[in-house]
$ cat entry_38.tsv   # TSV, C-alpha atoms
chain	number	residue	atom	x	y	z
A	1	MET	CA	-19.98	-39.98	0.66
A	2	ILE	CA	-16.50	-39.82	-0.87
A	3	VAL	CA	-17.94	-38.28	-4.04
A	4	PHE	CA	-19.21	-35.24	-2.12
A	5	TRP	CA	-15.96	-34.64	-0.17
A	6	PRO	CA	-14.14	-32.63	-2.91
A	7	GLN	CA	-17.22	-30.47	-3.36
A	8	LEU	CA	-17.45	-29.83	0.37
A	9	VAL	CA	-13.75	-28.91	0.56
A	10	GLY	CA	-14.24	-26.45	-2.31
A	11	VAL	CA	-17.19	-24.81	-0.53
A	12	VAL	CA	-15.31	-24.56	2.78
A	13	LEU	CA	-12.24	-23.15	1.01
A	14	LEU	CA	-14.38	-20.62	-0.85
A	15	VAL	CA	-16.03	-19.46	2.38
A	16	PHE	CA	-12.63	-19.15	4.11
A	17	VAL	CA	-11.09	-17.14	1.25
A	18	ALA	CA	-14.14	-14.88	1.07
A	19	ALA	CA	-13.97	-14.24	4.83
A	20	VAL	CA	-10.31	-13.25	4.63
A	21	VAL	CA	-10.87	-10.89	1.70
A	22	VAL	CA	-13.92	-9.20	3.21
A	23	ASP	CA	-12.51	-8.87	6.73
A	24	GLY	CA	-9.42	-6.88	5.78
A	25	SER	CA	-7.97	-7.45	9.25
A	26	SER	CA	-4.39	-8.11	8.31
A	27	LEU	CA	-0.92	-6.75	8.73
A	28	GLN	CA	-1.18	-5.25	5.23
A	29	SER	CA	-4.37	-3.36	6.11
A	30	ASP	CA	-2.66	-2.19	9.34
A	31	LYS	CA	0.35	-1.02	7.32
A	32	ASP	CA	-1.94	0.85	4.91
A	33	ALA	CA	-3.65	2.58	7.85
A	34	LEU	CA	-0.27	3.59	9.33
A	35	ILE	CA	0.87	5.02	5.99
A	36	ASP	CA	-2.39	7.00	5.91
A	37	LEU	CA	-1.67	8.20	9.48
A	38	LYS	CA	1.85	9.24	8.44
A	39	ARG	CA	0.54	11.26	5.49
A	40	PHE	CA	-2.11	12.88	7.71
A	41	LEU	CA	0.54	13.92	10.24
A	42	GLN	CA	2.87	15.20	7.52
A	43	GLN	CA	0.09	17.39	6.11
A	44	ASN	CA	-0.56	18.90	9.54
A	45	ASN	CA	3.03	19.47	10.66
A	46	ALA	CA	5.56	21.80	9.07
A	47	ALA	CA	8.49	20.16	10.87
A	48	HIS	CA	8.56	16.42	10.25
A	49	TRP	CA	10.49	15.10	13.24
A	50	GLY	CA	8.09	12.57	14.69
A	51	LYS	CA	8.76	8.85	14.89
A	52	TYR	CA	6.39	8.45	11.93
A	53	GLU	CA	8.98	10.03	9.62
A	54	GLN	CA	11.04	6.84	9.86
A	55	TRP	CA	8.17	4.68	8.55
A	56	ARG	CA	9.00	3.45	5.03
A	57	GLU	CA	6.27	2.33	2.65
A	58	GLY	CA	8.66	-0.12	0.98
A	59	ASP	CA	9.14	-2.12	4.18
A	60	ALA	CA	7.42	-5.50	4.10
A	61	SER	CA	6.07	-5.05	7.62
A	62	PRO	CA	5.43	-2.08	9.93
A	63	CYS	CA	6.39	-4.15	12.97
A	64	GLY	CA	9.95	-2.78	13.01
A	65	TRP	CA	8.87	0.84	12.71
A	66	SER	CA	9.66	3.29	15.51
A	67	GLY	CA	6.71	3.65	17.87
A	68	ILE	CA	4.86	0.59	16.52
A	69	VAL	CA	4.20	-2.58	18.51
A	70	CYS	CA	2.96	-5.79	16.89
A	71	THR	CA	1.60	-8.91	18.46
A	72	GLY	CA	1.51	-11.86	16.13
A	73	SER	CA	0.77	-10.43	12.73
A	74	ARG	CA	-1.19	-7.36	13.85
A	75	VAL	CA	-0.40	-3.81	14.94
A	76	THR	CA	-1.45	-3.60	18.59
A	77	GLY	CA	0.32	-0.46	19.78
A	78	ILE	CA	1.24	3.04	18.65
A	79	ASP	CA	3.49	5.28	20.75
A	80	LEU	CA	4.03	8.73	19.24
A	81	SER	CA	4.45	10.41	22.62
A	82	ASN	CA	6.72	13.35	23.38
A	83	SER	CA	7.75	14.21	19.85
A	84	MET	CA	10.31	17.01	19.59
A	85	PRO	CA	9.24	19.34	18.12
A	86	GLN	CA	5.75	18.46	19.21
A	87	THR	CA	3.42	16.87	16.70
A	88	GLN	CA	0.44	19.16	16.31
A	89	GLY	CA	-2.90	19.59	14.60
A	90	MET	CA	-6.05	17.56	14.75
A	91	LEU	CA	-6.08	13.91	15.78
A	92	TYR	CA	-6.13	11.32	13.03
A	93	PRO	CA	-9.80	10.47	12.35
A	94	HIS	CA	-9.36	6.79	11.36
A	95	PHE	CA	-7.70	4.95	14.26
A	96	SER	CA	-10.53	2.38	14.23
A	97	SER	CA	-9.17	1.00	10.95
A	98	LEU	CA	-6.47	-0.59	13.13
A	99	THR	CA	-8.85	-3.21	14.48
A	100	ALA	CA	-6.37	-4.89	16.86
A	101	LEU	CA	-5.07	-1.61	18.36
A	102	ALA	CA	-4.82	-2.13	22.13
A	103	SER	CA	-2.49	0.72	23.12
A	104	LEU	CA	-2.36	4.32	21.87
A	105	ASP	CA	-0.04	6.92	23.39
A	106	LEU	CA	-0.11	10.41	21.85
A	107	SER	CA	0.81	12.23	25.07
A	108	GLY	CA	3.16	15.19	25.29
A	109	ASN	CA	2.35	16.71	21.91
A	110	ALA	CA	0.25	19.63	20.73
A	111	PHE	CA	-2.77	17.88	19.24
A	112	SER	CA	-5.75	20.21	19.35
A	113	GLY	CA	-9.44	20.40	18.62
A	114	PRO	CA	-12.12	17.85	19.32
A	115	ILE	CA	-11.38	14.17	19.78
A	116	PRO	CA	-12.70	12.34	16.69
A	117	ALA	CA	-15.71	10.09	17.27
A	118	ASP	CA	-13.79	7.35	15.45
A	119	LEU	CA	-11.50	6.93	18.46
A	120	GLY	CA	-14.51	5.70	20.44
A	121	GLN	CA	-14.87	2.84	17.93
A	122	CYS	CA	-11.52	1.27	18.87
A	123	ALA	CA	-13.07	-1.59	20.83
A	124	SER	CA	-9.74	-3.36	21.45
A	125	LEU	CA	-8.14	-0.38	23.23
A	126	ARG	CA	-6.88	-1.16	26.73
A	127	TYR	CA	-4.51	1.82	27.11
A	128	LEU	CA	-5.26	5.35	25.88
A	129	ASN	CA	-3.01	8.28	26.77
A	130	LEU	CA	-3.89	11.67	25.28
A	131	SER	CA	-2.45	13.72	28.17
A	132	TYR	CA	-0.52	16.96	27.72
A	133	ASN	CA	-2.16	18.09	24.49
A	134	ILE	CA	-4.68	20.83	23.70
A	135	LEU	CA	-7.72	18.62	23.07
A	136	GLU	CA	-11.08	20.22	23.69
A	137	SER	CA	-13.98	17.80	23.65
A	138	GLY	CA	-15.60	14.78	22.14
A	139	LEU	CA	-14.26	11.74	24.02
A	140	ASP	CA	-16.90	9.03	23.88
A	141	VAL	CA	-15.76	5.97	25.79
A	142	SER	CA	-19.07	4.12	25.70
A	143	ARG	CA	-17.71	1.45	23.32
A	144	LEU	CA	-14.25	1.18	24.86
A	145	VAL	CA	-15.30	-1.70	27.10
A	146	ASN	CA	-11.76	-3.14	27.37
A	147	LEU	CA	-10.17	0.14	28.47
A	148	GLU	CA	-7.96	-0.29	31.55
A	149	THR	CA	-5.99	2.99	31.47
A	150	LEU	CA	-7.26	6.38	30.35
A	151	ASP	CA	-5.20	9.54	30.75
A	152	VAL	CA	-6.56	12.82	29.39
A	153	THR	CA	-4.98	15.13	31.98
A	154	VAL	CA	-3.70	18.60	31.00
A	155	ASN	CA	-6.03	19.24	28.06
A	156	ARG	CA	-8.91	21.65	27.55
A	157	LEU	CA	-11.69	19.09	27.76
A	158	ASN	CA	-15.15	20.44	28.49
A	159	GLY	CA	-18.68	19.10	28.57
A	160	THR	CA	-20.17	16.20	30.48
A	161	ILE	CA	-19.21	12.60	30.89
A	162	ASN	CA	-21.77	10.06	29.77
A	163	ALA	CA	-23.74	8.73	32.77
A	164	THR	CA	-22.91	5.14	31.73
A	165	PHE	CA	-19.16	5.80	31.79
A	166	PRO	CA	-18.41	3.71	34.91
A	167	LEU	CA	-20.55	0.81	33.68
A	168	ASN	CA	-19.10	0.72	30.16
A	169	CYS	CA	-15.51	0.97	31.33
A	170	SER	CA	-15.62	-1.51	34.18
A	171	SER	CA	-12.05	-2.61	33.41
A	172	LEU	CA	-10.49	0.75	34.32
A	173	VAL	CA	-7.80	0.43	36.95
A	174	ALA	CA	-7.58	3.15	39.60
$ encode --input "entry_38.tsv" --output "C-alpha coordinates"
Amino acid sequence: MIVFWPQLVGVVLLVFVAAVVVDGSSLQSDKDALIDLKRFLQQNNAAHWGKYEQWREGDASPCGWSGIVCTGSRVTGIDLSNSMPQTQGMLYPHFSSLTALASLDLSGNAFSGPIPADLGQCASLRYLNLSYNILESGLDVSRLVNLETLDVTVNRLNGTINATFPLNCSSLVA
(Lines of atoms letter the chains of each structure in order from A and count residues from 1; the text may use other names and numbers.)
(Lines give C-alpha, C1' and ligand atoms only; values in the text may rest on other atoms or scores of the structure.)
Protein backbone atom coordinates (compact mmCIF):
# COMPACT_ATOMS: atom_id res chain seq x y z
CA MET A 1 0.00 0.00 0.00
CA ILE A 2 2.84 2.40 0.78
CA VAL A 3 4.35 1.77 -2.66
CA PHE A 4 1.24 3.14 -4.40
CA TRP A 5 0.95 6.28 -2.23
CA PRO A 6 3.47 8.45 -4.17
CA GLN A 7 1.77 7.48 -7.42
CA LEU A 8 -1.64 8.39 -6.04
CA VAL A 9 -0.36 11.76 -4.79
CA GLY A 10 1.06 12.47 -8.25
CA VAL A 11 -2.27 11.67 -9.90
CA VAL A 12 -4.23 13.81 -7.43
CA LEU A 13 -1.77 16.69 -7.85
CA LEU A 14 -1.96 16.40 -11.64
CA VAL A 15 -5.77 16.51 -11.56
CA PHE A 16 -5.74 19.54 -9.23
CA VAL A 17 -3.24 21.47 -11.38
CA ALA A 18 -5.18 20.64 -14.54
CA ALA A 19 -8.43 21.85 -12.95
CA VAL A 20 -6.87 25.16 -11.96
CA VAL A 21 -5.39 25.76 -15.42
CA VAL A 22 -8.57 24.85 -17.30
CA ASP A 23 -10.95 26.74 -15.00
CA GLY A 24 -9.32 30.15 -15.40
CA SER A 25 -11.38 31.48 -12.48
CA SER A 26 -8.74 33.53 -10.76
CA LEU A 27 -7.89 37.06 -9.82
CA GLN A 28 -5.54 37.21 -12.82
CA SER A 29 -8.32 36.23 -15.24
CA ASP A 30 -10.58 38.83 -13.54
CA LYS A 31 -7.85 41.46 -13.96
CA ASP A 32 -7.46 40.55 -17.63
CA ALA A 33 -11.23 40.92 -18.13
CA LEU A 34 -11.20 44.34 -16.43
CA ILE A 35 -8.32 45.52 -18.62
CA ASP A 36 -10.35 44.37 -21.64
CA LEU A 37 -13.36 46.31 -20.26
CA LYS A 38 -11.17 49.40 -19.83
CA ARG A 39 -9.93 49.22 -23.42
CA PHE A 40 -13.49 48.70 -24.69
CA LEU A 41 -14.69 51.79 -22.81
CA GLN A 42 -11.72 53.85 -23.99
CA GLN A 43 -12.49 52.97 -27.61
CA ASN A 44 -16.11 54.07 -27.19
CA ASN A 45 -15.55 57.30 -25.27
CA ALA A 46 -13.76 60.40 -26.50
CA ALA A 47 -13.41 61.82 -22.98
CA HIS A 48 -11.74 59.35 -20.65
CA TRP A 49 -12.93 60.46 -17.23
CA GLY A 50 -14.50 57.30 -15.87
CA LYS A 51 -13.24 55.43 -12.83
CA TYR A 52 -11.75 52.89 -15.24
CA GLU A 53 -9.10 55.41 -16.30
CA GLN A 54 -7.38 54.92 -12.94
CA TRP A 55 -6.97 51.16 -13.50
CA ARG A 56 -3.28 50.36 -14.07
CA GLU A 57 -2.22 47.18 -15.86
CA GLY A 58 1.01 47.07 -13.86
CA ASP A 59 -0.83 46.71 -10.55
CA ALA A 60 -0.55 43.23 -9.05
CA SER A 61 -4.24 43.15 -8.19
CA PRO A 62 -7.36 45.01 -9.38
CA CYS A 63 -8.83 44.92 -5.87
CA GLY A 64 -7.62 48.45 -5.08
CA TRP A 65 -8.97 49.94 -8.30
CA SER A 66 -11.67 52.61 -8.17
CA GLY A 67 -15.11 51.07 -8.62
CA ILE A 68 -13.92 47.49 -8.08
CA VAL A 69 -14.93 45.30 -5.14
CA CYS A 70 -13.19 42.02 -4.34
CA THR A 71 -14.19 39.27 -1.99
CA GLY A 72 -11.40 36.88 -1.19
CA SER A 73 -9.34 36.65 -4.33
CA ARG A 74 -12.10 37.38 -6.84
CA VAL A 75 -13.72 40.46 -8.38
CA THR A 76 -17.30 40.46 -7.13
CA GLY A 77 -18.42 44.02 -7.85
CA ILE A 78 -18.11 46.77 -10.45
CA ASP A 79 -19.49 50.26 -9.83
CA LEU A 80 -19.02 52.63 -12.77
CA SER A 81 -22.15 54.62 -11.98
CA ASN A 82 -22.62 58.35 -12.54
CA SER A 83 -19.45 59.04 -14.49
CA MET A 84 -18.89 62.70 -15.34
CA PRO A 85 -18.86 63.15 -18.26
CA GLN A 86 -21.12 60.19 -18.77
CA THR A 87 -19.63 56.98 -20.09
CA GLN A 88 -21.37 56.18 -23.36
CA GLY A 89 -21.62 53.68 -26.18
CA MET A 90 -22.59 50.06 -26.20
CA LEU A 91 -22.37 47.86 -23.12
CA TYR A 92 -19.32 45.66 -22.77
CA PRO A 93 -20.20 42.27 -24.31
CA HIS A 94 -18.07 40.03 -22.03
CA PHE A 95 -19.16 40.59 -18.42
CA SER A 96 -19.67 36.83 -18.01
CA SER A 97 -15.89 36.36 -18.10
CA LEU A 98 -15.99 37.72 -14.53
CA THR A 99 -17.43 34.50 -13.15
CA ALA A 100 -17.75 35.68 -9.52
CA LEU A 101 -19.39 39.03 -10.40
CA ALA A 102 -22.26 39.55 -7.95
CA SER A 103 -22.87 43.31 -8.30
CA LEU A 104 -22.84 45.50 -11.41
CA ASP A 105 -23.82 49.17 -11.32
CA LEU A 106 -23.62 51.10 -14.59
CA SER A 107 -26.42 53.54 -13.74
CA GLY A 108 -26.40 57.23 -14.56
CA ASN A 109 -24.42 57.02 -17.78
CA ALA A 110 -25.29 57.14 -21.47
CA PHE A 111 -24.92 53.50 -22.49
CA SER A 112 -27.09 52.82 -25.51
CA GLY A 113 -28.24 50.07 -27.81
CA PRO A 114 -29.30 46.56 -26.97
CA ILE A 115 -28.24 44.81 -23.78
CA PRO A 116 -25.72 42.10 -24.76
CA ALA A 117 -26.92 38.51 -24.34
CA ASP A 118 -23.69 37.84 -22.44
CA LEU A 119 -25.02 39.80 -19.46
CA GLY A 120 -27.69 37.13 -19.03
CA GLN A 121 -24.90 34.57 -18.51
CA CYS A 122 -23.67 36.20 -15.29
CA ALA A 123 -25.16 33.55 -13.01
CA SER A 124 -23.60 34.99 -9.83
CA LEU A 125 -25.24 38.42 -10.22
CA ARG A 126 -27.34 39.47 -7.23
CA TYR A 127 -27.46 43.22 -7.97
CA LEU A 128 -27.83 44.73 -11.44
CA ASN A 129 -28.42 48.46 -11.94
CA LEU A 130 -28.61 49.73 -15.52
CA SER A 131 -30.96 52.64 -14.75
CA TYR A 132 -30.67 56.09 -16.32
CA ASN A 133 -29.08 55.03 -19.59
CA ILE A 134 -30.41 54.78 -23.15
CA LEU A 135 -30.62 50.99 -23.41
CA GLU A 136 -33.18 49.64 -25.84
CA SER A 137 -33.76 45.92 -25.57
CA GLY A 138 -32.34 42.50 -25.03
CA LEU A 139 -32.38 41.86 -21.28
CA ASP A 140 -32.67 38.12 -20.72
CA VAL A 141 -32.81 37.33 -17.03
CA SER A 142 -33.71 33.67 -17.39
CA ARG A 143 -30.30 32.52 -16.10
CA LEU A 144 -29.90 35.19 -13.42
CA VAL A 145 -31.39 32.95 -10.75
CA ASN A 146 -29.54 34.69 -7.88
CA LEU A 147 -30.70 38.18 -8.83
CA GLU A 148 -32.12 40.09 -5.85
CA THR A 149 -32.13 43.66 -7.23
CA LEU A 150 -32.80 44.72 -10.81
CA ASP A 151 -33.13 48.36 -11.81
CA VAL A 152 -33.61 49.23 -15.48
CA THR A 153 -35.73 52.36 -14.98
CA VAL A 154 -35.37 55.37 -17.30
CA ASN A 155 -34.19 53.53 -20.42
CA ARG A 156 -35.82 52.87 -23.77
CA LEU A 157 -36.51 49.19 -23.22
CA ASN A 158 -39.13 47.63 -25.46
CA GLY A 159 -40.42 44.16 -26.20
CA THR A 160 -41.84 41.52 -23.89
CA ILE A 161 -40.65 39.97 -20.68
CA ASN A 162 -40.14 36.23 -20.73
CA ALA A 163 -43.15 34.45 -19.20
CA THR A 164 -40.83 32.55 -16.82
CA PHE A 165 -39.34 35.77 -15.43
CA PRO A 166 -40.97 35.53 -11.97
CA LEU A 167 -40.06 31.85 -11.62
CA ASN A 168 -36.43 32.24 -12.69
CA CYS A 169 -35.81 35.27 -10.51
CA SER A 170 -37.50 34.09 -7.34
CA SER A 171 -34.87 35.89 -5.23
CA LEU A 172 -35.92 39.38 -6.36
CA VAL A 173 -36.76 41.65 -3.45
CA ALA A 174 -39.69 44.04 -3.87
$ closest_residue --input "entry_38.tsv" --among "A:Gly58, A:Gly72, A:Gly113, A:Gly120" --to "Asn133 (chain A)" --atoms "all atoms listed in the file"
A:Gly113
$ residues_around --input "entry_38.tsv" --residues "Tyr92 (chain A)" --least-positions-apart "4" --cutoff "10 Å" --atoms "only C-alpha atoms" --output "PDB file with C-alpha atoms, in the frame of the given file"
ATOM      1  CA  ASP A  36      -2.390   7.000   5.910  1.00  0.00           C
ATOM      2  CA  LEU A  37      -1.670   8.200   9.480  1.00  0.00           C
ATOM      3  CA  LYS A  38       1.850   9.240   8.440  1.00  0.00           C
ATOM      4  CA  PHE A  40      -2.110  12.880   7.710  1.00  0.00           C
ATOM      5  CA  LEU A  41       0.540  13.920  10.240  1.00  0.00           C
ATOM      6  CA  PHE A 111      -2.770  17.880  19.240  1.00  0.00           C
ATOM      7  CA  ILE A 115     -11.380  14.170  19.780  1.00  0.00           C
ATOM      8  CA  PRO A 116     -12.700  12.340  16.690  1.00  0.00           C
ATOM      9  CA  ASP A 118     -13.790   7.350  15.450  1.00  0.00           C
ATOM     10  CA  LEU A 119     -11.500   6.930  18.460  1.00  0.00           C
TER      11      LEU A 119
END
$ atom_distance --input "entry_38.tsv" --atom1 "CA of Asn44 (chain A)" --atom2 "CA of Leu135 (chain A)"
15.3 Å
$ atom_distance --input "entry_38.tsv" --atom1 "CA of Gly89 (chain A)" --atom2 "CA of Gln121 (chain A)"
20.9 Å
$ closest_residue --input "entry_38.tsv" --among "A:Leu98, A:Trp49, A:Thr87, A:Gly77" --to "Ser29 (chain A)" --atoms "only C-alpha atoms"
A:Leu98
$ residues_around --input "entry_38.tsv" --residues "Leu147 (chain A)" --least-positions-apart "6" --cutoff "10 Å" --atoms "only C-alpha atoms" --output "short mmCIF file (atom, residue, chain, number, x, y, z; two decimals) with C-alpha atoms, keeping the file's coordinate frame"
data_model
loop_
_atom_site.label_atom_id
_atom_site.label_comp_id
_atom_site.auth_asym_id
_atom_site.auth_seq_id
_atom_site.Cartn_x
_atom_site.Cartn_y
_atom_site.Cartn_z
CA ALA A 102 -4.82 -2.13 22.13
CA SER A 103 -2.49 0.72 23.12
CA CYS A 122 -11.52 1.27 18.87
CA ALA A 123 -13.07 -1.59 20.83
CA SER A 124 -9.74 -3.36 21.45
CA LEU A 125 -8.14 -0.38 23.23
CA ARG A 126 -6.88 -1.16 26.73
CA TYR A 127 -4.51 1.82 27.11
CA LEU A 128 -5.26 5.35 25.88
CA VAL A 141 -15.76 5.97 25.79
CA ASN A 168 -19.10 0.72 30.16
CA CYS A 169 -15.51 0.97 31.33
CA SER A 170 -15.62 -1.51 34.18
CA SER A 171 -12.05 -2.61 33.41
CA LEU A 172 -10.49 0.75 34.32
CA VAL A 173 -7.80 0.43 36.95
#
$ atom_distance --input "entry_38.tsv" --atom1 "CA of Ser66 (chain A)" --atom2 "CA of Lys51 (chain A)"
5.7 Å
$ residues_around --input "entry_38.tsv" --residues "Asp30 (chain A)" --least-positions-apart "2" --cutoff "12 Å" --atoms "all atoms listed in the file" --output "mmCIF file with C-alpha atoms, in the frame of the given file"
data_model
loop_
_atom_site.group_PDB
_atom_site.id
_atom_site.type_symbol
_atom_site.label_atom_id
_atom_site.label_comp_id
_atom_site.auth_asym_id
_atom_site.auth_seq_id
_atom_site.Cartn_x
_atom_site.Cartn_y
_atom_site.Cartn_z
ATOM 1 C CA GLY A 24 -9.420 -6.880 5.780
ATOM 2 C CA SER A 25 -7.970 -7.450 9.250
ATOM 3 C CA SER A 26 -4.390 -8.110 8.310
ATOM 4 C CA LEU A 27 -0.920 -6.750 8.730
ATOM 5 C CA GLN A 28 -1.180 -5.250 5.230
ATOM 6 C CA ASP A 32 -1.940 0.850 4.910
ATOM 7 C CA ALA A 33 -3.650 2.580 7.850
ATOM 8 C CA LEU A 34 -0.270 3.590 9.330
ATOM 9 C CA ILE A 35 0.870 5.020 5.990
ATOM 10 C CA ASP A 36 -2.390 7.000 5.910
ATOM 11 C CA LEU A 37 -1.670 8.200 9.480
ATOM 12 C CA ALA A 60 7.420 -5.500 4.100
ATOM 13 C CA SER A 61 6.070 -5.050 7.620
ATOM 14 C CA PRO A 62 5.430 -2.080 9.930
ATOM 15 C CA CYS A 63 6.390 -4.150 12.970
ATOM 16 C CA ILE A 68 4.860 0.590 16.520
ATOM 17 C CA VAL A 69 4.200 -2.580 18.510
ATOM 18 C CA CYS A 70 2.960 -5.790 16.890
ATOM 19 C CA SER A 73 0.770 -10.430 12.730
ATOM 20 C CA ARG A 74 -1.190 -7.360 13.850
ATOM 21 C CA VAL A 75 -0.400 -3.810 14.940
ATOM 22 C CA THR A 76 -1.450 -3.600 18.590
ATOM 23 C CA GLY A 77 0.320 -0.460 19.780
ATOM 24 C CA ILE A 78 1.240 3.040 18.650
ATOM 25 C CA HIS A 94 -9.360 6.790 11.360
ATOM 26 C CA PHE A 95 -7.700 4.950 14.260
ATOM 27 C CA SER A 96 -10.530 2.380 14.230
ATOM 28 C CA SER A 97 -9.170 1.000 10.950
ATOM 29 C CA LEU A 98 -6.470 -0.590 13.130
ATOM 30 C CA THR A 99 -8.850 -3.210 14.480
ATOM 31 C CA ALA A 100 -6.370 -4.890 16.860
ATOM 32 C CA LEU A 101 -5.070 -1.610 18.360
#
$ closest_residue --input "entry_38.tsv" --among "A:Ile134, A:Ala110, A:Leu150, A:Leu139" --to "Ser83 (chain A)" --atoms "all atoms listed in the file"
A:Ala110
$ closest_residue --input "entry_38.tsv" --among "A:Asp59, A:Ser112, A:Ala46, A:Val152" --to "Glu136 (chain A)" --atoms "all atoms listed in the file"
A:Ser112
$ residues_around --input "entry_38.tsv" --residues "Gly159 (chain A)" --least-positions-apart "2" --cutoff "12 Å" --atoms "only C-alpha atoms" --output "ChimeraX atom specification"
/A:114,136-140,156-157,161-162
$ closest_residue --input "entry_38.tsv" --among "A:Asn158, A:Thr149, A:Ser142, A:Ser81" --to "Tyr52 (chain A)" --atoms "only C-alpha atoms"
A:Ser81
$ closest_residue --input "entry_38.tsv" --among "A:Asn82, A:Gln42, A:Ser107, A:Gln54" --to "Asn155 (chain A)" --atoms "all atoms listed in the file"
A:Ser107
$ axis_aligned_box --input "entry_38.tsv" --around "region 105-117 of chain A" --padding-each-side "3 Å" --output "AutoDock Vina command-line options"
--center_x -6.3 --center_y 13.7 --center_z 21.0 --size_x 24.9 --size_y 19.5 --size_z 14.6
